[in-house]
Amino acid sequence: MSDTTPLCPRCAHETIEHIFDSPVPGVWEVVQCGRCLYMWRTSEPARRTRRDAYPEEFMMTPGDIGAAPEVPAVPPLRTPGG
Ligand SMILES: [Zn+2]
């Protein structure tokens, strides 16, 4: 693990879960925020991986997360010829 505490770029949460390692060990990791579920690969640019470089318009607060609308359900498949 890294010796610095990573913060979620999107919501600044401190609980970051390790999801996956690169096939060649030590090249990158995929990690995910435990609160807002934002997921990123550690080799992505700073604007995707660092709180201090993440675009302000995409940042979320706990209030934003609580008020976020439900993710829309996937509609049923269309029938052939329909
Ligand atoms: Zn987050």
# chains A, B, ... in the order shown; residues from 1 in each chain; ligands from 1
$ residues_near_ligand --ligand "ligand 1" --cutoff "6 Å" --atoms "only C-alpha atoms and all ligand atoms" --output "PDB file with N, CA and C atoms, in the first residue's frame"
ATOM      1  N   CYS A   8     -10.484  10.355  -2.092  1.00  0.00           N
ATOM      2  CA  CYS A   8     -11.288  10.231  -3.301  1.00  0.00           C
ATOM      3  C   CYS A   8     -11.237  11.562  -4.063  1.00  0.00           C
ATOM      4  N   ARG A  10     -13.275  12.694  -6.154  1.00  0.00           N
ATOM      5  CA  ARG A  10     -14.604  13.284  -6.327  1.00  0.00           C
ATOM      6  C   ARG A  10     -15.207  13.796  -5.028  1.00  0.00           C
ATOM      7  N   CYS A  11     -15.096  13.026  -3.932  1.00  0.00           N
ATOM      8  CA  CYS A  11     -15.805  13.441  -2.713  1.00  0.00           C
ATOM      9  C   CYS A  11     -14.911  13.573  -1.494  1.00  0.00           C
ATOM     10  N   ALA A  12     -13.595  13.348  -1.623  1.00  0.00           N
ATOM     11  CA  ALA A  12     -12.612  13.518  -0.553  1.00  0.00           C
ATOM     12  C   ALA A  12     -12.741  12.484   0.563  1.00  0.00           C
ATOM     13  N   HIS A  13     -13.459  11.412   0.342  1.00  0.00           N
ATOM     14  CA  HIS A  13     -13.573  10.339   1.317  1.00  0.00           C
ATOM     15  C   HIS A  13     -12.215   9.658   1.487  1.00  0.00           C
ATOM     16  N   CYS A  33     -13.674   4.496  -4.401  1.00  0.00           N
ATOM     17  CA  CYS A  33     -14.115   5.205  -3.203  1.00  0.00           C
ATOM     18  C   CYS A  33     -15.230   4.413  -2.528  1.00  0.00           C
ATOM     19  N   ARG A  35     -17.425   5.597  -0.542  1.00  0.00           N
ATOM     20  CA  ARG A  35     -18.633   6.399  -0.322  1.00  0.00           C
ATOM     21  C   ARG A  35     -19.381   6.702  -1.624  1.00  0.00           C
ATOM     22  N   CYS A  36     -18.685   7.305  -2.586  1.00  0.00           N
ATOM     23  CA  CYS A  36     -19.415   7.710  -3.802  1.00  0.00           C
ATOM     24  C   CYS A  36     -19.237   6.697  -4.939  1.00  0.00           C
ATOM     25  N   LEU A  37     -18.407   5.674  -4.708  1.00  0.00           N
ATOM     26  CA  LEU A  37     -18.193   4.580  -5.662  1.00  0.00           C
ATOM     27  C   LEU A  37     -17.421   5.003  -6.915  1.00  0.00           C
ATOM     28  N   TYR A  38     -16.881   6.216  -6.916  1.00  0.00           N
ATOM     29  CA  TYR A  38     -15.989   6.611  -8.004  1.00  0.00           C
ATOM     30  C   TYR A  38     -14.838   5.614  -8.076  1.00  0.00           C
TER      31      TYR A  38
END
$ select_by_dssp --residues "chain A" --states "alpha helix (DSSP H)" --output "PyMOL selection string"
chain A and resi 46-49+62-67
$ write_last_selection --atoms "N, CA and C atoms" --output "mmCIF file, in the first residue's frame"
data_model
loop_
_atom_site.group_PDB
_atom_site.id
_atom_site.type_symbol
_atom_site.label_atom_id
_atom_site.label_comp_id
_atom_site.auth_asym_id
_atom_site.auth_seq_id
_atom_site.Cartn_x
_atom_site.Cartn_y
_atom_site.Cartn_z
ATOM 1 N N ALA A 46 -3.728 13.204 -13.504
ATOM 2 C CA ALA A 46 -4.021 13.811 -12.209
ATOM 3 C C ALA A 46 -5.456 14.321 -12.113
ATOM 4 N N ARG A 47 -6.006 14.815 -13.242
ATOM 5 C CA ARG A 47 -7.377 15.357 -13.181
ATOM 6 C C ARG A 47 -8.413 14.269 -12.917
ATOM 7 N N ARG A 48 -8.009 13.005 -13.016
ATOM 8 C CA ARG A 48 -8.912 11.894 -12.701
ATOM 9 C C ARG A 48 -8.551 11.200 -11.388
ATOM 10 N N THR A 49 -7.376 11.455 -10.878
ATOM 11 C CA THR A 49 -6.887 10.656 -9.744
ATOM 12 C C THR A 49 -6.538 11.472 -8.508
ATOM 13 N N PRO A 62 -21.103 15.010 0.588
ATOM 14 C CA PRO A 62 -22.044 14.006 1.099
ATOM 15 C C PRO A 62 -23.494 14.406 0.852
ATOM 16 N N GLY A 63 -23.799 15.704 0.918
ATOM 17 C CA GLY A 63 -25.155 16.172 0.625
ATOM 18 C C GLY A 63 -25.552 15.896 -0.815
ATOM 19 N N ASP A 64 -24.616 16.130 -1.736
ATOM 20 C CA ASP A 64 -24.891 15.841 -3.149
ATOM 21 C C ASP A 64 -25.181 14.358 -3.338
ATOM 22 N N ILE A 65 -24.383 13.513 -2.683
ATOM 23 C CA ILE A 65 -24.532 12.068 -2.856
ATOM 24 C C ILE A 65 -25.899 11.619 -2.329
ATOM 25 N N GLY A 66 -26.299 12.137 -1.151
ATOM 26 C CA GLY A 66 -27.582 11.764 -0.573
ATOM 27 C C GLY A 66 -28.754 12.213 -1.426
ATOM 28 N N ALA A 67 -28.556 13.329 -2.150
ATOM 29 C CA ALA A 67 -29.650 13.884 -2.943
ATOM 30 C C ALA A 67 -29.620 13.414 -4.392
#
$ select_by_dssp --residues "region 7-79 of chain A" --states "strand (DSSP E)" --output "count of residues only"
14
$ residues_around --residues "Val30 (chain A)" --least-positions-apart "5" --cutoff "6 Å" --atoms "only C-alpha atoms" --output "PyMOL selection string"
chain A and resi 19-20+40-41
$ decode --residues "region 21-73 of chain A" --atoms "C-alpha atoms" --output "short mmCIF file (atom, residue, chain, number, x, y, z; two decimals), in the first residue's frame"
data_model
loop_
_atom_site.label_atom_id
_atom_site.label_comp_id
_atom_site.auth_asym_id
_atom_site.auth_seq_id
_atom_site.Cartn_x
_atom_site.Cartn_y
_atom_site.Cartn_z
CA ASP A 21 -3.86 -4.91 -9.85
CA SER A 22 -2.24 -4.62 -13.27
CA PRO A 23 -1.34 -7.95 -14.91
CA VAL A 24 2.30 -6.85 -14.67
CA PRO A 25 2.66 -6.24 -10.93
CA GLY A 26 3.27 -2.72 -9.68
CA VAL A 27 2.30 -0.82 -12.85
CA TRP A 28 -1.14 0.37 -11.75
CA GLU A 29 -4.05 -0.42 -9.46
CA VAL A 30 -7.76 0.07 -9.84
CA VAL A 31 -9.23 1.57 -6.68
CA GLN A 32 -12.70 2.69 -5.64
CA CYS A 33 -14.12 5.21 -3.20
CA GLY A 34 -16.14 3.53 -0.46
CA ARG A 35 -18.63 6.40 -0.32
CA CYS A 36 -19.41 7.71 -3.80
CA LEU A 37 -18.19 4.58 -5.66
CA TYR A 38 -15.99 6.61 -8.00
CA MET A 39 -13.43 4.21 -9.48
CA TRP A 40 -10.14 5.01 -11.12
CA ARG A 41 -6.88 3.50 -12.27
CA THR A 42 -3.82 4.94 -10.54
CA SER A 43 -2.08 5.53 -13.89
CA GLU A 44 -4.80 7.91 -15.11
CA PRO A 45 -4.01 11.66 -15.34
CA ALA A 46 -4.02 13.81 -12.21
CA ARG A 47 -7.38 15.36 -13.18
CA ARG A 48 -8.91 11.89 -12.70
CA THR A 49 -6.89 10.66 -9.74
CA ARG A 50 -6.02 13.60 -7.49
CA ARG A 51 -8.43 15.60 -5.38
CA ASP A 52 -6.44 18.80 -5.91
CA ALA A 53 -6.57 18.42 -9.71
CA TYR A 54 -10.08 17.00 -10.12
CA PRO A 55 -12.47 19.36 -11.98
CA GLU A 56 -14.44 21.34 -9.42
CA GLU A 57 -17.70 21.00 -11.35
CA PHE A 58 -17.58 17.21 -10.90
CA MET A 59 -16.77 17.21 -7.18
CA MET A 60 -19.47 15.88 -4.85
CA THR A 61 -20.28 16.50 -1.19
CA PRO A 62 -22.04 14.01 1.10
CA GLY A 63 -25.15 16.17 0.63
CA ASP A 64 -24.89 15.84 -3.15
CA ILE A 65 -24.53 12.07 -2.86
CA GLY A 66 -27.58 11.76 -0.57
CA ALA A 67 -29.65 13.88 -2.94
CA ALA A 68 -28.50 12.17 -6.13
CA PRO A 69 -31.38 10.70 -8.14
CA GLU A 70 -31.70 6.99 -8.49
CA VAL A 71 -29.80 5.47 -11.39
CA PRO A 72 -32.37 4.83 -14.14
CA ALA A 73 -33.30 1.22 -14.69
#
